[in-house]
$ cat target_23.cif   # mmCIF, C-alpha atoms
data_structure
loop_
_atom_site.label_atom_id
_atom_site.label_comp_id
_atom_site.auth_asym_id
_atom_site.auth_seq_id
_atom_site.Cartn_x
_atom_site.Cartn_y
_atom_site.Cartn_z
CA MET J 185 11.09 -85.59 56.43
CA THR J 186 11.67 -87.10 59.83
CA ALA J 187 14.26 -87.03 62.58
CA ASP J 188 15.12 -90.58 61.50
CA ASP J 189 16.27 -89.20 58.15
CA THR J 190 18.50 -86.64 59.82
CA GLY J 191 20.47 -89.26 61.69
CA SER J 192 20.41 -92.66 60.02
CA GLY J 193 20.87 -91.87 56.35
CA ALA J 194 18.62 -92.70 53.40
CA ASP J 195 19.92 -96.22 52.89
CA ALA J 196 19.35 -97.42 56.46
CA THR J 197 16.34 -99.68 57.06
CA PRO J 198 14.03 -97.84 59.48
CA HIS J 199 12.74 -99.57 62.59
CA PRO J 200 9.13 -100.79 62.05
CA LEU J 201 7.95 -98.81 65.08
CA ALA J 202 9.71 -95.70 63.77
CA VAL J 203 7.72 -96.04 60.53
CA ARG J 204 4.45 -96.39 62.47
CA LEU J 205 5.34 -93.38 64.62
CA GLU J 206 6.15 -91.30 61.58
CA GLN J 207 2.82 -92.13 59.97
CA LEU J 208 1.00 -91.34 63.22
CA ILE J 209 2.72 -87.97 63.69
CA LEU J 210 2.75 -86.84 60.06
CA GLY J 211 -0.62 -88.35 59.24
CA ALA J 212 0.59 -89.71 55.90
CA GLU J 213 2.97 -92.17 54.30
CA ARG J 214 6.16 -91.27 52.46
CA ARG J 215 5.23 -90.68 48.86
CA TYR J 216 7.70 -88.38 47.13
CA THR J 217 11.40 -88.25 46.41
CA PRO J 218 12.93 -84.79 46.90
CA PHE J 219 12.76 -84.12 43.16
CA GLN J 220 9.12 -85.22 42.96
CA ALA J 221 8.16 -83.12 45.99
CA ALA J 222 9.80 -80.01 44.58
CA ARG J 223 8.23 -80.52 41.14
CA THR J 224 4.76 -81.14 42.61
CA ALA J 225 5.07 -77.99 44.71
CA GLY J 226 6.19 -75.99 41.68
CA VAL J 227 9.47 -75.06 43.33
CA SER J 228 12.97 -75.36 41.91
CA MET J 229 15.08 -78.16 43.37
CA GLU J 230 17.65 -75.59 44.45
CA LEU J 231 15.15 -73.55 46.47
CA ALA J 232 13.51 -76.65 47.93
CA THR J 233 16.90 -77.89 49.13
CA ARG J 234 17.61 -74.51 50.74
CA PHE J 235 14.29 -74.66 52.59
CA TRP J 236 14.81 -78.26 53.74
CA ARG J 237 18.33 -77.65 54.99
CA ALA J 238 17.18 -74.49 56.78
CA MET J 239 14.52 -76.57 58.55
CA GLY J 240 17.20 -79.06 59.62
CA PHE J 241 16.42 -81.91 57.21
CA ALA J 242 19.32 -83.99 55.91
CA ASP J 243 19.90 -84.71 52.23
CA VAL J 244 18.30 -88.07 51.42
CA GLY J 245 19.36 -88.60 47.84
CA GLN J 246 16.41 -89.88 45.82
CA ALA J 247 14.74 -91.88 48.60
CA LYS J 248 10.99 -91.47 49.09
CA ALA J 249 10.95 -89.35 52.23
CA PHE J 250 8.26 -86.70 51.71
CA THR J 251 4.50 -86.53 52.16
CA GLU J 252 1.70 -84.29 50.92
CA ALA J 253 2.29 -82.04 53.94
CA ASP J 254 5.89 -81.47 52.82
CA VAL J 255 4.70 -80.47 49.37
CA LEU J 256 2.14 -78.08 50.88
CA ALA J 257 4.78 -76.49 53.13
CA LEU J 258 7.06 -75.89 50.14
CA ARG J 259 4.17 -74.42 48.19
CA ARG J 260 3.28 -72.04 51.02
CA LEU J 261 6.82 -70.76 51.53
CA ALA J 262 7.34 -70.28 47.80
CA GLY J 263 3.93 -68.61 47.56
CA LEU J 264 4.91 -66.04 50.18
CA VAL J 265 7.98 -65.20 48.08
CA GLU J 266 6.03 -65.03 44.83
CA ALA J 267 3.42 -62.75 46.41
CA GLY J 268 6.17 -60.38 47.54
CA LEU J 269 5.28 -60.83 51.23
CA LEU J 270 8.72 -62.28 51.97
CA SER J 271 12.03 -62.13 50.18
CA GLU J 272 13.64 -65.46 49.39
CA ALA J 273 16.30 -64.82 52.05
CA MET J 274 13.61 -64.01 54.64
CA ALA J 275 11.66 -67.16 53.77
CA VAL J 276 14.81 -69.21 54.39
CA GLN J 277 15.24 -67.43 57.74
CA VAL J 278 11.64 -68.29 58.66
CA ALA J 279 12.34 -71.93 57.83
CA ARG J 280 15.59 -71.93 59.82
CA SER J 281 14.23 -70.23 62.94
CA THR J 282 11.17 -72.49 62.99
CA GLY J 283 13.24 -75.61 62.41
CA GLN J 284 15.81 -74.82 65.09
CA THR J 285 13.22 -73.89 67.71
CA THR J 286 10.90 -76.81 67.14
CA ALA J 287 13.76 -79.34 66.89
CA ARG J 288 14.90 -78.41 70.38
CA LEU J 289 11.33 -78.48 71.65
CA ALA J 290 10.64 -81.91 70.15
CA GLU J 291 13.84 -83.39 71.58
CA TRP J 292 13.02 -82.03 75.02
CA GLN J 293 9.45 -83.32 74.92
CA ILE J 294 10.40 -86.84 73.91
CA ASP J 295 13.21 -87.01 76.46
CA SER J 296 10.98 -85.67 79.23
CA PHE J 297 7.95 -87.86 78.50
CA LEU J 298 9.93 -91.06 78.19
CA GLU J 299 12.30 -90.34 81.08
CA GLY J 300 9.55 -90.96 83.59
CA LEU J 301 8.60 -94.33 82.16
CA THR J 302 10.59 -96.46 84.58
CA ASP J 303 7.69 -98.89 85.08
CA PRO J 304 5.77 -100.02 81.98
CA PRO J 305 1.96 -99.87 82.22
CA GLU J 306 1.72 -103.56 81.28
CA PRO J 307 4.12 -106.32 82.39
CA GLY J 308 6.63 -107.16 79.70
CA MET J 309 6.20 -103.92 77.72
CA THR J 310 9.38 -102.10 76.77
CA ARG J 311 9.84 -98.35 76.69
CA THR J 312 9.89 -98.53 72.91
CA GLU J 313 6.46 -100.20 72.89
CA VAL J 314 5.06 -97.59 75.25
CA THR J 315 6.16 -94.71 73.03
CA TYR J 316 3.43 -95.16 70.41
CA PRO J 317 0.36 -95.02 72.69
CA ILE J 318 1.83 -92.08 74.64
CA ILE J 319 2.42 -90.03 71.49
CA GLU J 320 -0.99 -91.04 70.16
CA LEU J 321 -2.62 -89.60 73.28
CA LEU J 322 -0.46 -86.47 73.57
CA LEU J 323 -0.15 -85.44 69.92
CA PRO J 324 -3.44 -83.54 69.45
CA GLU J 325 -3.19 -81.81 72.83
CA LEU J 326 0.44 -80.75 72.33
CA GLU J 327 -0.30 -79.48 68.83
CA GLU J 328 -3.14 -77.29 70.09
CA PHE J 329 -1.02 -76.03 72.98
CA LEU J 330 1.93 -75.21 70.70
CA VAL J 331 -0.27 -73.08 68.43
CA TYR J 332 -1.82 -71.34 71.45
CA VAL J 333 1.56 -70.39 72.98
CA TRP J 334 2.93 -69.32 69.59
CA ARG J 335 -0.05 -67.01 69.01
CA ARG J 336 0.40 -65.50 72.46
CA GLN J 337 4.12 -64.88 71.88
CA LEU J 338 3.47 -63.51 68.38
CA SER J 339 0.90 -61.10 69.82
CA ALA J 340 3.37 -59.85 72.44
CA SER J 341 6.16 -59.41 69.86
CA ALA J 342 3.85 -57.59 67.43
CA GLY J 343 2.77 -55.27 70.23
CA ARG J 344 6.38 -54.34 70.97
CA VAL J 345 6.98 -53.54 67.31
CA VAL J 346 3.92 -51.28 67.16
CA GLN J 347 5.11 -49.40 70.23
CA ALA J 348 8.58 -48.78 68.76
CA ALA J 349 9.35 -45.11 68.32
CA ASP J 350 10.25 -45.43 64.64
CA ASP J 351 11.01 -47.97 61.92
CA GLU J 352 14.73 -47.94 62.71
CA GLU J 353 14.05 -48.88 66.33
CA MET J 354 12.21 -52.00 65.17
CA VAL J 355 15.52 -53.48 64.01
CA ASP J 356 18.15 -51.75 66.16
CA ARG J 357 16.39 -51.34 69.49
CA ARG J 358 17.47 -49.84 72.81
CA LEU J 359 17.12 -52.59 75.38
CA CYS J 360 18.33 -53.53 78.83
CA VAL J 361 20.29 -56.77 78.53
CA GLY J 362 21.20 -58.89 81.53
CA PHE J 363 23.39 -61.94 82.04
CA ALA J 364 23.05 -64.08 85.19
CA ASP J 365 25.89 -66.53 85.80
CA LEU J 366 26.36 -69.30 88.39
CA VAL J 367 29.69 -68.86 90.20
CA GLY J 368 32.11 -71.80 90.23
CA PHE J 369 30.05 -73.93 87.86
CA THR J 370 33.11 -75.51 86.23
CA ARG J 371 34.30 -76.78 89.61
CA LEU J 372 30.85 -78.18 90.29
CA THR J 373 30.95 -80.22 87.10
CA ARG J 374 33.98 -82.09 88.46
CA ARG J 375 32.40 -82.86 91.83
CA MET J 376 28.77 -83.64 91.00
CA GLU J 377 27.24 -86.69 89.35
CA GLU J 378 25.74 -86.07 85.92
CA GLU J 379 22.18 -86.54 87.17
CA GLU J 380 22.75 -84.11 90.06
CA LEU J 381 24.28 -81.56 87.72
CA GLY J 382 21.36 -81.89 85.32
CA GLU J 383 18.87 -81.30 88.13
CA LEU J 384 20.78 -78.21 89.31
CA VAL J 385 20.90 -76.70 85.82
CA GLU J 386 17.20 -77.43 85.26
CA ALA J 387 16.30 -75.85 88.61
CA PHE J 388 18.36 -72.76 87.80
CA GLU J 389 16.92 -72.36 84.32
CA THR J 390 13.35 -72.93 85.54
CA THR J 391 13.69 -70.44 88.39
CA ALA J 392 15.29 -67.84 86.12
CA ALA J 393 12.70 -68.31 83.37
CA ASP J 394 9.81 -67.95 85.83
CA LEU J 395 11.26 -64.82 87.43
CA VAL J 396 12.05 -63.16 84.11
CA ALA J 397 8.56 -63.85 82.75
CA ALA J 398 6.74 -62.86 85.95
CA ARG J 399 8.50 -59.48 86.11
CA GLY J 400 7.87 -58.61 82.46
CA GLY J 401 11.23 -59.44 80.89
CA ARG J 402 12.04 -61.84 78.07
CA LEU J 403 14.31 -64.86 78.41
CA ILE J 404 16.54 -64.81 75.34
CA LYS J 405 18.43 -68.06 75.95
CA THR J 406 19.89 -70.37 78.56
CA LEU J 407 23.46 -71.66 78.46
CA GLY J 408 23.50 -74.18 81.29
CA ASP J 409 25.17 -72.08 83.97
CA GLU J 410 24.11 -68.75 82.45
CA VAL J 411 20.90 -67.07 81.32
CA LEU J 412 20.49 -64.08 79.04
CA TYR J 413 17.40 -61.90 79.38
CA ALA J 414 16.19 -58.56 78.04
CA ALA J 415 13.70 -55.91 79.11
CA ASP J 416 12.42 -52.67 77.61
CA ASP J 417 12.36 -50.96 81.00
CA ALA J 418 15.43 -50.42 83.22
CA ALA J 419 13.46 -50.87 86.45
CA VAL J 420 12.14 -54.21 85.21
CA ALA J 421 15.65 -55.40 84.34
CA ALA J 422 16.96 -54.26 87.73
CA GLU J 423 14.14 -55.95 89.63
CA ILE J 424 14.73 -59.22 87.77
CA ALA J 425 18.46 -59.13 88.58
CA LEU J 426 17.94 -58.51 92.29
CA ARG J 427 15.16 -61.09 92.51
CA LEU J 428 17.43 -63.66 90.93
CA ILE J 429 20.18 -62.93 93.47
CA GLU J 430 17.73 -63.02 96.39
CA THR J 431 15.98 -66.20 95.26
CA MET J 432 19.19 -68.14 94.62
CA ALA J 433 20.69 -66.97 97.93
CA ASN J 434 17.72 -68.53 99.75
CA ASP J 435 18.34 -71.92 98.10
CA GLU J 436 21.16 -73.82 99.83
CA THR J 437 21.53 -76.18 96.87
CA MET J 438 22.38 -73.34 94.50
CA PRO J 439 25.82 -71.79 93.92
CA GLU J 440 26.26 -68.05 94.28
CA LEU J 441 25.13 -65.87 91.41
CA ARG J 442 26.41 -62.74 89.72
CA VAL J 443 24.58 -60.50 87.25
CA GLY J 444 25.67 -57.88 84.73
CA ILE J 445 23.31 -55.46 82.96
CA ALA J 446 23.91 -52.97 80.15
CA PHE J 447 21.57 -50.57 78.37
CA GLY J 448 21.85 -49.52 74.74
CA THR J 449 21.24 -50.38 71.13
CA VAL J 450 21.06 -54.07 70.23
CA THR J 451 20.45 -55.95 67.03
CA THR J 452 17.78 -58.64 67.22
CA ARG J 453 17.88 -61.64 64.94
CA MET J 454 15.98 -64.94 65.09
CA GLY J 455 15.00 -64.28 68.69
CA ASP J 456 18.58 -63.58 69.80
CA VAL J 457 20.30 -60.26 70.57
CA PHE J 458 23.72 -59.08 69.42
CA GLY J 459 25.99 -56.07 69.64
CA THR J 460 28.24 -54.07 71.93
CA THR J 461 25.54 -53.76 74.61
CA VAL J 462 25.26 -57.54 74.87
CA ASN J 463 29.05 -57.93 75.00
CA LEU J 464 29.26 -55.29 77.74
CA ALA J 465 26.62 -57.04 79.86
CA SER J 466 28.57 -60.28 79.53
CA ARG J 467 31.86 -58.59 80.57
CA LEU J 468 30.19 -56.91 83.56
CA THR J 469 28.93 -60.32 84.68
CA SER J 470 32.43 -61.75 84.59
CA ILE J 471 33.79 -59.02 86.90
CA ALA J 472 30.76 -58.75 89.21
CA PRO J 473 31.24 -59.74 92.87
CA ARG J 474 29.44 -62.86 94.11
CA ASP J 475 25.74 -62.37 94.79
CA ALA J 476 25.91 -58.86 93.32
CA VAL J 477 24.70 -56.91 90.28
CA LEU J 478 26.96 -54.66 88.18
CA VAL J 479 25.46 -52.28 85.61
CA ASP J 480 26.97 -49.93 83.05
CA SER J 481 26.78 -46.12 83.22
CA ALA J 482 24.03 -45.93 80.56
CA PHE J 483 21.83 -48.25 82.62
CA ALA J 484 22.56 -46.25 85.79
CA GLU J 485 21.64 -43.02 83.98
CA GLU J 486 18.37 -44.56 82.82
CA LEU J 487 17.39 -45.55 86.37
CA ILE J 488 18.22 -42.02 87.56
CA ARG J 489 16.33 -40.40 84.66
CA THR J 490 13.17 -42.40 85.39
CA GLY J 491 13.31 -41.63 89.12
CA GLU J 492 13.95 -45.23 90.15
CA ALA J 493 17.32 -44.42 91.77
CA PRO J 494 18.98 -41.24 93.08
CA ALA J 495 22.19 -40.01 91.50
CA SER J 496 23.74 -40.23 94.97
CA GLU J 497 22.72 -40.63 98.59
CA ALA J 498 23.52 -36.96 99.16
CA GLU J 499 21.01 -36.01 96.46
CA ALA J 500 18.40 -38.32 97.98
CA ALA J 501 18.92 -36.75 101.42
CA GLU J 502 18.69 -33.24 99.97
CA ALA J 503 15.47 -34.07 98.10
CA ALA J 504 13.97 -35.55 101.27
CA ALA J 505 14.91 -32.46 103.31
CA THR J 506 13.41 -30.12 100.69
CA ALA J 507 10.18 -32.13 100.59
CA GLU J 508 9.93 -32.08 104.40
CA LYS J 509 10.36 -28.29 104.47
CA GLU J 510 7.60 -27.83 101.94
CA GLY J 511 5.32 -30.34 103.67
CA GLU J 512 5.40 -32.74 100.74
CA GLU J 513 6.03 -36.45 100.49
CA PRO J 514 9.74 -37.15 99.92
CA PRO J 515 10.65 -38.94 96.68
CA THR J 516 10.85 -42.71 96.95
CA TYR J 517 13.54 -44.70 95.18
CA ARG J 518 13.51 -48.44 94.61
CA PHE J 519 17.18 -48.88 93.85
CA ALA J 520 20.56 -47.57 94.95
CA LEU J 521 23.62 -47.10 92.74
CA GLN J 522 27.21 -47.03 93.91
CA PRO J 523 29.94 -46.06 91.42
CA MET J 524 32.83 -48.50 91.28
CA TRP J 525 36.41 -48.01 90.08
CA GLN J 526 36.77 -47.53 86.35
CA ARG J 527 38.50 -50.46 84.76
CA PRO J 528 39.56 -51.67 81.32
CA VAL J 529 37.36 -54.37 79.85
CA ARG J 530 38.69 -56.60 77.10
CA GLY J 531 37.51 -55.43 73.70
CA LEU J 532 35.44 -52.54 75.09
CA GLY J 533 37.98 -50.10 76.53
CA VAL J 534 37.53 -48.47 79.94
CA VAL J 535 34.09 -48.82 81.57
CA GLU J 536 32.63 -47.41 84.76
CA PRO J 537 30.55 -50.10 86.45
CA TRP J 538 27.95 -49.30 89.09
CA LEU J 539 26.89 -51.62 91.91
CA LEU J 540 23.09 -51.99 91.91
CA THR J 541 21.32 -52.73 95.20
CA ARG J 542 17.84 -52.43 96.61
CA ARG J 543 17.33 -49.35 98.79
CA ASP J 544 16.56 -49.88 102.46
CA GLY J 545 12.82 -49.90 102.95
CA ALA J 546 12.06 -50.27 99.23
CA PRO J 547 9.25 -52.77 98.49
CA THR J 548 10.35 -56.24 97.35
#

$ encode --input "target_23.cif" --output "structure tokens"
Amino acid sequence: MTADDTGSGADATPHPLAVRLEQLILGAERRYTPFQAARTAGVSMELATRFWRAMGFADVGQAKAFTEADVLALRRLAGLVEAGLLSEAMAVQVARSTGQTTARLAEWQIDSFLEGLTDPPEPGMTRTEVTYPIIELLLPELEEFLVYVWRRQLSASAGRVVQAADDEEMVDRRLCVGFADLVGFTRLTRRMEEEELGELVEAFETTAADLVAARGGRLIKTLGDEVLYAADDAAVAAEIALRLIETMANDETMPELRVGIAFGTVTTRMGDVFGTTVNLASRLTSIAPRDAVLVDSAFAEELIRTGEAPASEAEAAEAAATAEKEGEEPPTYRFALQPMWQRPVRGLGVVEPWLLTRRDGAPT
């Protein structure tokens, strides 16, 4: 099944180059109708249709749209169910998550590779004619790279599961969740040209993704003017938030930023996170001052518990004085917390936000 099928319908006559590209990428010609593919794979038509729709493939009637690889994929998914390794519902989720992720990746890659082709390599060649040789050259390298990155990410995710305290924590985990939001983005959309706006969003997303990864967090998703990230450790989440603020403040082309962080139980599903903790982080972002970070009381307590922030400046001064008396090194704190006024937050009741800053003299 190809992207052409998902958009043009089974009765449309495909472009000759689209047919050549499909054969190049899939490595085979269309051979089976949906019914024939399902029968050859030994899978019911109902289950095959569920798998195909989960992967993002459109219904194509009885057109010949499938190859041997499609049959093998069906056979593998069904085999995992038959062997009891996956339930049928979980197999459909695997198909859906893989389809959604790779569809976005494929769209981005094609757009990005072809966007730069303003001058054809040979006089008279169109962008359409250049597409085939470019994909022919890139296909094996991109395939290898995709598998490499996937294995790396799978290894990291498996490691986090192994380190979970118990089986329940593997599903409902305690995480630090942060939202970073560009201030005044809606107004910018009215003033900026589309190309300018696209460059700004790409710069923001790239900067955020790099900072989150470098500091040990995980980028959950980007929403144009907003990014959602998560971290197992409160200090990591705090460092990411402050780094984001500091980095964006040093870029004159970027709007101001505000960040909200909450700590608590979240539900993870298909790479995304859900629950009250996520909603609270989002609400804190919406009320955060410009170029500032607001956190919830649970997150503040976690920073205090782990010795990354004092409960108050008075406590920090007292601890330093005691250490000096006893000839010991005073405790060092990376972050400072300032309690803000309690306020009602829509859908979550009254919350007590804390302003998170970097302590004077703390390493950056």

$ atom_distance --input "target_23.cif" --atom1 "CA of Gly401 (chain J)" --atom2 "CA of Asp417 (chain J)"
8.6 Å

$ closest_residue --input "target_23.cif" --among "J:Arg453, J:Arg234, J:Arg442, J:Arg336" --to "Ala465 (chain J)" --atoms "only C-alpha atoms"
J:Arg442

$ residues_around --input "target_23.cif" --residues "Thr285 (chain J)" --least-positions-apart "3" --cutoff "12 Å" --atoms "only C-alpha atoms" --output "ChimeraX atom specification"
/J:238-240,278-282,288-292,330,334,405,454-456

$ resolve_selection --input "target_23.cif" --expression "the PyMOL selection byres ((chain J and resi 449) around 8)" --output "PyMOL selection string"
chain J and resi 356-359+447-448+450-451+459-461

$ resolve_selection --input "target_23.cif" --expression "the PyMOL selection byres ((chain J and resi 485) around 12)" --output "NGL selection string"
:J and (418-419 or 446-448 or 479-484 or 486-496 or 520-521 or 523 or 536-538)

$ closest_residue --input "target_23.cif" --among "J:Gly382, J:Gly362, J:Pro515, J:Pro317" --to "Ala425 (chain J)" --atoms "all atoms listed in the file"
J:Gly362

$ residues_around --input "target_23.cif" --residues "Ala364 (chain J)" --least-positions-apart "2" --cutoff "6 Å" --atoms "only C-alpha atoms" --output "list of chain:residue names"
J:Glu410, J:Val411, J:Arg442, J:Val443

$ closest_residue --input "target_23.cif" --among "J:Phe519, J:Phe297, J:Phe235, J:Trp525" --to "Ala422 (chain J)" --atoms "all atoms listed in the file"
J:Phe519

$ atom_distance --input "target_23.cif" --atom1 "CA of Arg474 (chain J)" --atom2 "CA of Val367 (chain J)"
7.2 Å

$ resolve_selection --input "target_23.cif" --expression "the PyMOL selection byres ((chain J and resi 273) around 12)" --output "PDB file with C-alpha atoms, in the frame of the given file"
ATOM      1  CA  LEU J 231      15.150 -73.550  46.470  1.00  0.00           C
ATOM      2  CA  ARG J 234      17.610 -74.510  50.740  1.00  0.00           C
ATOM      3  CA  PHE J 235      14.290 -74.660  52.590  1.00  0.00           C
ATOM      4  CA  ALA J 238      17.180 -74.490  56.780  1.00  0.00           C
ATOM      5  CA  LEU J 261       6.820 -70.760  51.530  1.00  0.00           C
ATOM      6  CA  ALA J 262       7.340 -70.280  47.800  1.00  0.00           C
ATOM      7  CA  LEU J 264       4.910 -66.040  50.180  1.00  0.00           C
ATOM      8  CA  VAL J 265       7.980 -65.200  48.080  1.00  0.00           C
ATOM      9  CA  GLY J 268       6.170 -60.380  47.540  1.00  0.00           C
ATOM     10  CA  LEU J 269       5.280 -60.830  51.230  1.00  0.00           C
ATOM     11  CA  LEU J 270       8.720 -62.280  51.970  1.00  0.00           C
ATOM     12  CA  SER J 271      12.030 -62.130  50.180  1.00  0.00           C
ATOM     13  CA  GLU J 272      13.640 -65.460  49.390  1.00  0.00           C
ATOM     14  CA  MET J 274      13.610 -64.010  54.640  1.00  0.00           C
ATOM     15  CA  ALA J 275      11.660 -67.160  53.770  1.00  0.00           C
ATOM     16  CA  VAL J 276      14.810 -69.210  54.390  1.00  0.00           C
ATOM     17  CA  GLN J 277      15.240 -67.430  57.740  1.00  0.00           C
ATOM     18  CA  VAL J 278      11.640 -68.290  58.660  1.00  0.00           C
ATOM     19  CA  ALA J 279      12.340 -71.930  57.830  1.00  0.00           C
ATOM     20  CA  ARG J 280      15.590 -71.930  59.820  1.00  0.00           C
TER      21      ARG J 280
END

$ residues_around --input "target_23.cif" --residues "Pro218 (chain J)" --least-positions-apart "2" --cutoff "7 Å" --atoms "only C-alpha atoms" --output "MDAnalysis selection string"
chainID J and resid 216 220:222 246 250

$ closest_residue --input "target_23.cif" --among "J:Phe458, J:Phe219, J:Tyr316, J:Phe241" --to "Ala287 (chain J)" --atoms "all atoms listed in the file"
J:Phe241

$ residues_near_point --input "target_23.cif" --point "(0.3, -92.3, 74.0)" --cutoff "12 Å" --atoms "only C-alpha atoms" --output "list in words"
Leu205, Leu208, Ile209, Ile294, Phe297, Leu298, Leu301, Pro305, Arg311, Thr312, Glu313, Val314, Thr315, Tyr316, Pro317, Ile318, Ile319, Glu320, Leu321, Leu322, Leu323, Pro324, Glu325 and Leu326 of chain J

$ atom_distance --input "target_23.cif" --atom1 "CA of Gly211 (chain J)" --atom2 "CA of Asp243 (chain J)"
22.0 Å

$ residues_around --input "target_23.cif" --residues "Glu383 (chain J)" --least-positions-apart "4" --cutoff "12 Å" --atoms "only C-alpha atoms" --output "list of chain:residue names"
J:Met376, J:Glu377, J:Glu378, J:Glu379, J:Ala387, J:Phe388, J:Glu389, J:Thr390, J:Gly408, J:Asp409, J:Thr437, J:Met438
